[in-house]
Amino acid sequence: GAVVSQHPSWVICKSGTSVKIECRSLDFQATTMFWYRQFPKQSLMLMATSNEGSKATYEQGVEKDKFLINHASLTLSTLTVTSAHPEDSSFYICSFTGGPSLPSYNEQFFGPGTRLTVL
Amino acid sequence: GDSVTQMEGPVTLSEEAFLTINCTYTATGYPSLFWYVQYPGEGLQLLLKATKADDKGSNKGFEATYRKETTSFHLEKGSVQVSDSAVYFCALSDRTGGFKTIFGAGTRLFVKA
């Protein structure tokens, strides 16, 4: 399957600062990507969906001004948590799908996740 | 909207026991079904998938059959190992939903030696 990397794998920051998380697909061009957050011992909650070159579509209850998503290219997406607070502490996971042109077009390939801790 | 329901955990088994984790779904279209596994401290890994009715996905001794008539995709393994201890997520993805993946709540499995 395709390989997706995330950087950093973990980050600790002070309340009020901003944190950027990068997500890269290493061996295929992704048309659509997704950002999820996962609280301890809970399932993944979809935050937003984005297509390359378009604005992200946010799920209900997710603040678009707080969680800035930039799908800069077919291999890179970034999530910036602005003015982070302790309640933003979570495990953030990205995923790509290659779209209808790939044999496994309806399969998502997940990054390893980024653990964010806001003090 | 589409949804996935899976049995609550945690599930605790002894090594070599038989495993079943139930999963049912609701969907308006014809979804693909997946089982993902998450080991402690790691991201999700695809365990197996099935894209149409009666398909059987299998990997690492795990199996699941896409049952359209019962809208189910139960995960089974004949003999679990300690290394199978993880959280298992049932999920679906549907073209009509823009290929968003909808996850179940996850089932934590503990396997004792």
# chains A, B, ... in the order shown; residues from 1 in each chain; ligands from 1
>>> select_by_dssp(residues="region 18-91 of chain B", states="strand (DSSP E or B)", output="PyMOL selection string")
chain B and resi 19-21+23-26+32-38+44-50+56-59+62-65+67+72+75-77+86-91
>>> write_last_selection(atoms="N, CA, C and O atoms", output="short mmCIF file (atom, residue, chain, number, x, y, z; two decimals), in the first residue's frame")
data_model
loop_
_atom_site.label_atom_id
_atom_site.label_comp_id
_atom_site.auth_asym_id
_atom_site.auth_seq_id
_atom_site.Cartn_x
_atom_site.Cartn_y
_atom_site.Cartn_z
N LEU B 19 -11.62 -15.67 18.23
CA LEU B 19 -12.03 -14.27 18.35
C LEU B 19 -13.15 -13.96 17.37
O LEU B 19 -13.08 -14.33 16.18
N THR B 20 -14.16 -13.28 17.87
CA THR B 20 -15.18 -12.66 17.02
C THR B 20 -15.41 -11.25 17.52
O THR B 20 -15.65 -11.05 18.71
N ILE B 21 -15.35 -10.28 16.63
CA ILE B 21 -15.74 -8.91 16.95
C ILE B 21 -16.84 -8.55 15.95
O ILE B 21 -16.62 -8.53 14.74
N CYS B 23 -19.61 -6.45 13.88
CA CYS B 23 -19.71 -5.13 13.25
C CYS B 23 -20.92 -5.13 12.33
O CYS B 23 -21.08 -6.04 11.51
N THR B 24 -21.76 -4.13 12.47
CA THR B 24 -22.88 -3.93 11.55
C THR B 24 -22.83 -2.50 11.04
O THR B 24 -22.24 -1.62 11.67
N TYR B 25 -23.46 -2.29 9.91
CA TYR B 25 -23.39 -0.97 9.31
C TYR B 25 -24.74 -0.56 8.73
O TYR B 25 -25.62 -1.40 8.48
N THR B 26 -24.89 0.73 8.53
CA THR B 26 -26.00 1.28 7.75
C THR B 26 -25.40 2.19 6.70
O THR B 26 -24.47 2.96 6.98
N SER B 32 -17.72 0.06 0.61
CA SER B 32 -16.65 -0.90 0.87
C SER B 32 -16.48 -0.96 2.38
O SER B 32 -16.69 0.02 3.08
N LEU B 33 -16.10 -2.12 2.86
CA LEU B 33 -15.98 -2.33 4.30
C LEU B 33 -14.54 -2.67 4.67
O LEU B 33 -13.85 -3.35 3.90
N PHE B 34 -14.13 -2.21 5.82
CA PHE B 34 -12.74 -2.35 6.23
C PHE B 34 -12.66 -2.73 7.71
O PHE B 34 -13.52 -2.40 8.51
N TRP B 35 -11.57 -3.39 8.04
CA TRP B 35 -11.13 -3.51 9.41
C TRP B 35 -9.74 -2.92 9.49
O TRP B 35 -8.84 -3.28 8.71
N TYR B 36 -9.58 -1.98 10.44
CA TYR B 36 -8.29 -1.38 10.71
C TYR B 36 -7.84 -1.82 12.10
O TYR B 36 -8.66 -2.05 12.99
N VAL B 37 -6.53 -1.88 12.29
CA VAL B 37 -5.98 -2.22 13.60
C VAL B 37 -5.03 -1.11 14.04
O VAL B 37 -4.30 -0.53 13.21
N GLN B 38 -5.09 -0.81 15.32
CA GLN B 38 -4.21 0.22 15.88
C GLN B 38 -3.49 -0.37 17.08
O GLN B 38 -4.11 -0.66 18.11
N LEU B 44 -3.21 3.96 12.39
CA LEU B 44 -4.04 2.87 11.90
C LEU B 44 -3.37 2.11 10.76
O LEU B 44 -2.71 2.70 9.91
N GLN B 45 -3.60 0.82 10.76
CA GLN B 45 -3.15 -0.01 9.65
C GLN B 45 -4.35 -0.77 9.11
O GLN B 45 -5.16 -1.27 9.88
N LEU B 46 -4.43 -0.83 7.80
CA LEU B 46 -5.50 -1.62 7.20
C LEU B 46 -5.23 -3.09 7.47
O LEU B 46 -4.15 -3.61 7.17
N LEU B 47 -6.21 -3.77 8.02
CA LEU B 47 -6.08 -5.20 8.30
C LEU B 47 -6.65 -6.01 7.14
O LEU B 47 -6.02 -6.92 6.63
N LEU B 48 -7.86 -5.68 6.72
CA LEU B 48 -8.48 -6.35 5.59
C LEU B 48 -9.65 -5.52 5.09
O LEU B 48 -10.11 -4.62 5.77
N LYS B 49 -10.10 -5.87 3.89
CA LYS B 49 -11.21 -5.12 3.32
C LYS B 49 -12.04 -6.01 2.41
O LYS B 49 -11.58 -7.09 1.97
N ALA B 50 -13.25 -5.56 2.12
CA ALA B 50 -14.13 -6.24 1.16
C ALA B 50 -14.91 -5.16 0.43
O ALA B 50 -15.40 -4.22 1.06
N LYS B 56 -14.88 -11.97 0.86
CA LYS B 56 -14.24 -12.26 2.14
C LYS B 56 -12.87 -11.61 2.13
O LYS B 56 -12.05 -11.88 1.23
N GLY B 57 -12.62 -10.77 3.11
CA GLY B 57 -11.29 -10.19 3.30
C GLY B 57 -10.53 -11.05 4.29
O GLY B 57 -11.10 -11.57 5.24
N SER B 58 -9.23 -11.20 4.07
CA SER B 58 -8.44 -11.99 5.00
C SER B 58 -7.01 -11.48 5.03
O SER B 58 -6.48 -11.00 4.02
N ASN B 59 -6.40 -11.61 6.21
CA ASN B 59 -5.02 -11.17 6.38
C ASN B 59 -4.55 -11.60 7.77
O ASN B 59 -5.28 -11.45 8.75
N PHE B 62 -6.82 -13.32 10.16
CA PHE B 62 -8.12 -12.68 10.39
C PHE B 62 -8.96 -12.80 9.12
O PHE B 62 -8.44 -12.75 8.01
N GLU B 63 -10.28 -12.91 9.32
CA GLU B 63 -11.20 -12.97 8.20
C GLU B 63 -12.46 -12.17 8.52
O GLU B 63 -12.85 -12.06 9.69
N ALA B 64 -13.09 -11.65 7.47
CA ALA B 64 -14.40 -11.01 7.62
C ALA B 64 -15.12 -11.13 6.29
O ALA B 64 -14.50 -10.94 5.23
N THR B 65 -16.41 -11.44 6.33
CA THR B 65 -17.20 -11.60 5.12
C THR B 65 -18.26 -10.52 5.05
O THR B 65 -18.97 -10.26 6.02
N ARG B 67 -21.56 -9.26 4.44
CA ARG B 67 -22.90 -9.83 4.40
C ARG B 67 -23.92 -8.72 4.19
O ARG B 67 -24.26 -7.99 5.12
N SER B 72 -23.60 -6.83 7.82
CA SER B 72 -22.59 -7.13 8.83
C SER B 72 -21.23 -7.41 8.19
O SER B 72 -21.13 -7.75 7.00
N LEU B 75 -15.50 -9.63 12.35
CA LEU B 75 -14.08 -10.02 12.28
C LEU B 75 -13.87 -11.30 13.09
O LEU B 75 -14.35 -11.40 14.21
N GLU B 76 -13.14 -12.25 12.51
CA GLU B 76 -12.89 -13.51 13.19
C GLU B 76 -11.43 -13.92 13.04
O GLU B 76 -10.78 -13.60 12.04
N LYS B 77 -10.96 -14.64 14.07
CA LYS B 77 -9.65 -15.27 13.98
C LYS B 77 -9.71 -16.55 14.80
O LYS B 77 -10.20 -16.54 15.92
N ALA B 86 -4.63 -5.16 20.59
CA ALA B 86 -4.69 -3.88 19.87
C ALA B 86 -6.14 -3.40 19.90
O ALA B 86 -7.01 -4.04 20.49
N VAL B 87 -6.37 -2.26 19.25
CA VAL B 87 -7.73 -1.78 19.07
C VAL B 87 -8.12 -2.02 17.61
O VAL B 87 -7.35 -1.70 16.70
N TYR B 88 -9.29 -2.57 17.41
CA TYR B 88 -9.77 -2.91 16.07
C TYR B 88 -10.96 -2.02 15.72
O TYR B 88 -11.91 -1.90 16.50
N PHE B 89 -10.87 -1.40 14.55
CA PHE B 89 -11.92 -0.50 14.09
C PHE B 89 -12.55 -1.06 12.82
O PHE B 89 -11.87 -1.34 11.84
N CYS B 90 -13.86 -1.17 12.86
CA CYS B 90 -14.63 -1.49 11.66
C CYS B 90 -14.96 -0.17 10.97
O CYS B 90 -15.21 0.85 11.66
N ALA B 91 -14.96 -0.15 9.66
CA ALA B 91 -15.19 1.11 8.95
C ALA B 91 -15.81 0.86 7.59
O ALA B 91 -15.72 -0.24 7.03
#
>>> interface_residues(of="chain A", to="chain B", cutoff="12 Å", atoms="only C-alpha atoms", output="ChimeraX atom specification")
/A:1-6,9-10,31-51,57,59,91-100,103-115
>>> residues_around(residues="region 80-83 of chain B", least_positions_apart="4", cutoff="7 Å", atoms="only C-alpha atoms", output="list in words")
Glu15, Glu16, Ala17, Phe18, Leu19, Val111, Lys112 and Ala113 of chain B
>>> write_last_selection(atoms="all heavy atoms", output="short mmCIF file (atom, residue, chain, number, x, y, z; two decimals), in the first residue's frame")
data_model
loop_
_atom_site.label_atom_id
_atom_site.label_comp_id
_atom_site.auth_asym_id
_atom_site.auth_seq_id
_atom_site.Cartn_x
_atom_site.Cartn_y
_atom_site.Cartn_z
N GLU B 15 -4.54 -16.77 25.00
CA GLU B 15 -3.86 -17.12 23.75
C GLU B 15 -4.47 -18.39 23.16
O GLU B 15 -4.84 -19.32 23.90
CB GLU B 15 -2.37 -17.31 24.03
CG GLU B 15 -1.48 -17.02 22.85
CD GLU B 15 -0.02 -16.87 23.25
OE1 GLU B 15 0.37 -17.39 24.31
OE2 GLU B 15 0.72 -16.23 22.50
N GLU B 16 -4.59 -18.41 21.85
CA GLU B 16 -5.15 -19.51 21.06
C GLU B 16 -6.66 -19.59 21.11
O GLU B 16 -7.26 -20.51 20.53
CB GLU B 16 -4.54 -20.86 21.46
CG GLU B 16 -3.01 -20.91 21.26
CD GLU B 16 -2.43 -22.28 21.59
OE1 GLU B 16 -3.21 -23.19 21.91
OE2 GLU B 16 -1.19 -22.42 21.51
N ALA B 17 -7.32 -18.66 21.78
CA ALA B 17 -8.78 -18.65 21.79
C ALA B 17 -9.31 -18.14 20.46
O ALA B 17 -8.58 -17.51 19.67
CB ALA B 17 -9.29 -17.77 22.94
N PHE B 18 -10.60 -18.39 20.22
CA PHE B 18 -11.27 -17.92 19.01
C PHE B 18 -11.80 -16.51 19.24
O PHE B 18 -12.35 -16.20 20.29
CB PHE B 18 -12.44 -18.86 18.67
CG PHE B 18 -13.13 -18.52 17.37
CD1 PHE B 18 -12.64 -19.00 16.17
CD2 PHE B 18 -14.25 -17.71 17.36
CE1 PHE B 18 -13.28 -18.69 14.97
CE2 PHE B 18 -14.89 -17.39 16.17
CZ PHE B 18 -14.40 -17.89 14.98
N LEU B 19 -11.62 -15.67 18.23
CA LEU B 19 -12.03 -14.27 18.35
C LEU B 19 -13.15 -13.96 17.37
O LEU B 19 -13.08 -14.33 16.18
CB LEU B 19 -10.85 -13.34 18.04
CG LEU B 19 -11.19 -11.85 17.84
CD1 LEU B 19 -11.58 -11.22 19.17
CD2 LEU B 19 -10.03 -11.11 17.22
N VAL B 111 -5.04 -9.96 24.79
CA VAL B 111 -4.80 -11.40 24.73
C VAL B 111 -3.77 -11.75 25.80
O VAL B 111 -2.66 -11.20 25.81
CB VAL B 111 -4.29 -11.84 23.34
CG1 VAL B 111 -4.06 -13.35 23.33
CG2 VAL B 111 -5.28 -11.44 22.26
N LYS B 112 -4.15 -12.66 26.69
CA LYS B 112 -3.27 -13.07 27.78
C LYS B 112 -2.50 -14.33 27.39
O LYS B 112 -3.05 -15.23 26.75
CB LYS B 112 -4.10 -13.36 29.04
CG LYS B 112 -4.95 -12.20 29.51
CD LYS B 112 -5.75 -12.57 30.76
CE LYS B 112 -6.72 -13.69 30.48
NZ LYS B 112 -7.57 -14.00 31.68
N ALA B 113 -1.27 -14.36 27.84
CA ALA B 113 -0.43 -15.56 27.57
C ALA B 113 -0.88 -16.74 28.41
O ALA B 113 -1.46 -16.58 29.47
CB ALA B 113 1.03 -15.23 27.86
#
>>> atom_distance(atom1="CA of Glu63 (chain A)", atom2="CA of Arg24 (chain A)")
23.1 Å
>>> residues_around(residues="Pro8 (chain A)", least_positions_apart="3", cutoff="8 Å", atoms="only C-alpha atoms", output="list in words")
Val11, Ile21, Glu22 and Thr114 of chain A
>>> write_last_selection(atoms="all heavy atoms", output="mmCIF file, in the first residue's frame")
data_model
loop_
_atom_site.group_PDB
_atom_site.id
_atom_site.type_symbol
_atom_site.label_atom_id
_atom_site.label_comp_id
_atom_site.auth_asym_id
_atom_site.auth_seq_id
_atom_site.Cartn_x
_atom_site.Cartn_y
_atom_site.Cartn_z
ATOM 1 N N VAL A 11 4.481 16.454 19.640
ATOM 2 C CA VAL A 11 4.864 17.834 19.897
ATOM 3 C C VAL A 11 4.212 18.296 21.201
ATOM 4 O O VAL A 11 3.060 17.963 21.475
ATOM 5 C CB VAL A 11 4.482 18.749 18.714
ATOM 6 C CG1 VAL A 11 2.997 18.678 18.421
ATOM 7 C CG2 VAL A 11 4.903 20.187 18.962
ATOM 8 N N ILE A 21 1.339 20.707 11.569
ATOM 9 C CA ILE A 21 1.579 19.273 11.355
ATOM 10 C C ILE A 21 1.574 19.020 9.856
ATOM 11 O O ILE A 21 0.653 19.448 9.146
ATOM 12 C CB ILE A 21 0.492 18.426 12.031
ATOM 13 C CG1 ILE A 21 0.429 18.709 13.532
ATOM 14 C CG2 ILE A 21 0.745 16.934 11.779
ATOM 15 C CD1 ILE A 21 -0.777 18.090 14.224
ATOM 16 N N GLU A 22 2.607 18.337 9.384
ATOM 17 C CA GLU A 22 2.714 18.040 7.952
ATOM 18 C C GLU A 22 2.330 16.591 7.688
ATOM 19 O O GLU A 22 2.650 15.687 8.464
ATOM 20 C CB GLU A 22 4.139 18.264 7.454
ATOM 21 C CG GLU A 22 4.543 19.703 7.356
ATOM 22 C CD GLU A 22 5.892 19.863 6.666
ATOM 23 O OE1 GLU A 22 6.558 18.837 6.407
ATOM 24 O OE2 GLU A 22 6.273 21.012 6.400
ATOM 25 N N THR A 114 0.144 12.221 14.857
ATOM 26 C CA THR A 114 0.932 13.200 15.611
ATOM 27 C C THR A 114 0.247 13.422 16.954
ATOM 28 O O THR A 114 -0.931 13.775 16.995
ATOM 29 C CB THR A 114 1.012 14.539 14.868
ATOM 30 O OG1 THR A 114 1.695 14.365 13.631
ATOM 31 C CG2 THR A 114 1.736 15.586 15.713
#
>>> atom_distance(atom1="CA of Asn70 (chain A)", atom2="CA of Gln29 (chain A)")
15.6 Å
>>> select_by_dssp(residues="region 20-110 of chain B", states="helix (DSSP H, G or I)", output="number ranges by chain")
B: 82-84, 95-97
>>> write_last_selection(atoms="all heavy atoms", output="mmCIF file, in the first residue's frame")
data_model
loop_
_atom_site.group_PDB
_atom_site.id
_atom_site.type_symbol
_atom_site.label_atom_id
_atom_site.label_comp_id
_atom_site.auth_asym_id
_atom_site.auth_seq_id
_atom_site.Cartn_x
_atom_site.Cartn_y
_atom_site.Cartn_z
ATOM 1 N N VAL B 82 -0.773 -13.176 21.644
ATOM 2 C CA VAL B 82 -0.569 -11.991 22.475
ATOM 3 C C VAL B 82 -0.308 -10.761 21.607
ATOM 4 O O VAL B 82 -0.773 -9.649 21.908
ATOM 5 C CB VAL B 82 0.591 -12.220 23.464
ATOM 6 C CG1 VAL B 82 0.925 -10.927 24.202
ATOM 7 C CG2 VAL B 82 0.238 -13.315 24.464
ATOM 8 N N SER B 83 0.386 -10.957 20.525
ATOM 9 C CA SER B 83 0.723 -9.852 19.623
ATOM 10 C C SER B 83 -0.487 -9.267 18.898
ATOM 11 O O SER B 83 -0.377 -8.224 18.245
ATOM 12 C CB SER B 83 1.750 -10.310 18.582
ATOM 13 O OG SER B 83 1.246 -11.419 17.853
ATOM 14 N N ASP B 84 -1.637 -9.916 19.011
ATOM 15 C CA ASP B 84 -2.865 -9.386 18.404
ATOM 16 C C ASP B 84 -3.529 -8.346 19.293
ATOM 17 O O ASP B 84 -4.527 -7.728 18.896
ATOM 18 C CB ASP B 84 -3.861 -10.513 18.117
ATOM 19 C CG ASP B 84 -3.378 -11.472 17.049
ATOM 20 O OD1 ASP B 84 -2.678 -11.019 16.113
ATOM 21 O OD2 ASP B 84 -3.684 -12.680 17.154
ATOM 22 N N ARG B 95 -18.759 5.810 -2.058
ATOM 23 C CA ARG B 95 -18.604 6.833 -3.099
ATOM 24 C C ARG B 95 -19.589 7.980 -2.892
ATOM 25 O O ARG B 95 -19.253 9.145 -3.047
ATOM 26 C CB ARG B 95 -18.805 6.217 -4.485
ATOM 27 C CG ARG B 95 -18.739 7.229 -5.628
ATOM 28 C CD ARG B 95 -19.228 6.613 -6.923
ATOM 29 N NE ARG B 95 -18.315 5.610 -7.419
ATOM 30 C CZ ARG B 95 -17.314 5.878 -8.240
ATOM 31 N NH1 ARG B 95 -17.089 7.107 -8.645
ATOM 32 N NH2 ARG B 95 -16.523 4.909 -8.662
ATOM 33 N N THR B 96 -20.822 7.639 -2.498
ATOM 34 C CA THR B 96 -21.824 8.686 -2.329
ATOM 35 C C THR B 96 -21.469 9.611 -1.168
ATOM 36 O O THR B 96 -21.978 10.719 -1.085
ATOM 37 C CB THR B 96 -23.225 8.088 -2.091
ATOM 38 O OG1 THR B 96 -23.181 7.253 -0.937
ATOM 39 C CG2 THR B 96 -23.672 7.272 -3.285
ATOM 40 N N GLY B 97 -20.596 9.138 -0.274
ATOM 41 C CA GLY B 97 -20.145 9.968 0.829
ATOM 42 C C GLY B 97 -18.825 10.635 0.546
ATOM 43 O O GLY B 97 -18.147 11.110 1.463
#
>>> residues_around(residues="Glu87 (chain A)", least_positions_apart="4", cutoff="10 Å", atoms="only C-alpha atoms", output="PDB file with all heavy atoms, in the first residue's frame")
ATOM      1  N   SER A  15       0.325  26.833  25.807  1.00  0.00           N
ATOM      2  CA  SER A  15      -0.989  27.354  25.463  1.00  0.00           C
ATOM      3  C   SER A  15      -0.854  28.703  24.764  1.00  0.00           C
ATOM      4  O   SER A  15      -0.050  29.542  25.164  1.00  0.00           O
ATOM      5  CB  SER A  15      -1.829  27.505  26.737  1.00  0.00           C
ATOM      6  OG  SER A  15      -3.137  27.896  26.439  1.00  0.00           O
ATOM      7  N   THR A 117       0.408  17.714  22.651  1.00  0.00           N
ATOM      8  CA  THR A 117       0.131  18.010  24.051  1.00  0.00           C
ATOM      9  C   THR A 117       0.309  19.505  24.263  1.00  0.00           C
ATOM     10  O   THR A 117       1.368  20.062  23.976  1.00  0.00           O
ATOM     11  CB  THR A 117       1.073  17.244  24.988  1.00  0.00           C
ATOM     12  OG1 THR A 117       0.926  15.833  24.762  1.00  0.00           O
ATOM     13  CG2 THR A 117       0.755  17.550  26.442  1.00  0.00           C
ATOM     14  N   VAL A 118      -0.735  20.147  24.718  1.00  0.00           N
ATOM     15  CA  VAL A 118      -0.701  21.587  24.970  1.00  0.00           C
ATOM     16  C   VAL A 118      -0.693  21.815  26.479  1.00  0.00           C
ATOM     17  O   VAL A 118      -1.601  21.360  27.187  1.00  0.00           O
ATOM     18  CB  VAL A 118      -1.908  22.299  24.328  1.00  0.00           C
ATOM     19  CG1 VAL A 118      -1.777  23.803  24.509  1.00  0.00           C
ATOM     20  CG2 VAL A 118      -2.010  21.950  22.855  1.00  0.00           C
ATOM     21  N   LEU A 119       0.338  22.491  26.940  1.00  0.00           N
ATOM     22  CA  LEU A 119       0.478  22.697  28.388  1.00  0.00           C
ATOM     23  C   LEU A 119      -0.237  23.952  28.843  1.00  0.00           C
ATOM     24  O   LEU A 119      -0.432  24.900  28.080  1.00  0.00           O
ATOM     25  CB  LEU A 119       1.965  22.782  28.744  1.00  0.00           C
ATOM     26  CG  LEU A 119       2.799  21.555  28.346  1.00  0.00           C
ATOM     27  CD1 LEU A 119       4.263  21.798  28.690  1.00  0.00           C
ATOM     28  CD2 LEU A 119       2.286  20.308  29.044  1.00  0.00           C
TER      29      LEU A 119
END
>>> residues_around(residues="Lys68 (chain B)", least_positions_apart="3", cutoff="8 Å", atoms="only C-alpha atoms", output="PyMOL selection string")
chain B and resi 53-54+71-72
>>> atom_distance(atom1="CA of His74 (chain B)", atom2="CA of Ser90 (chain A)")
29.1 Å
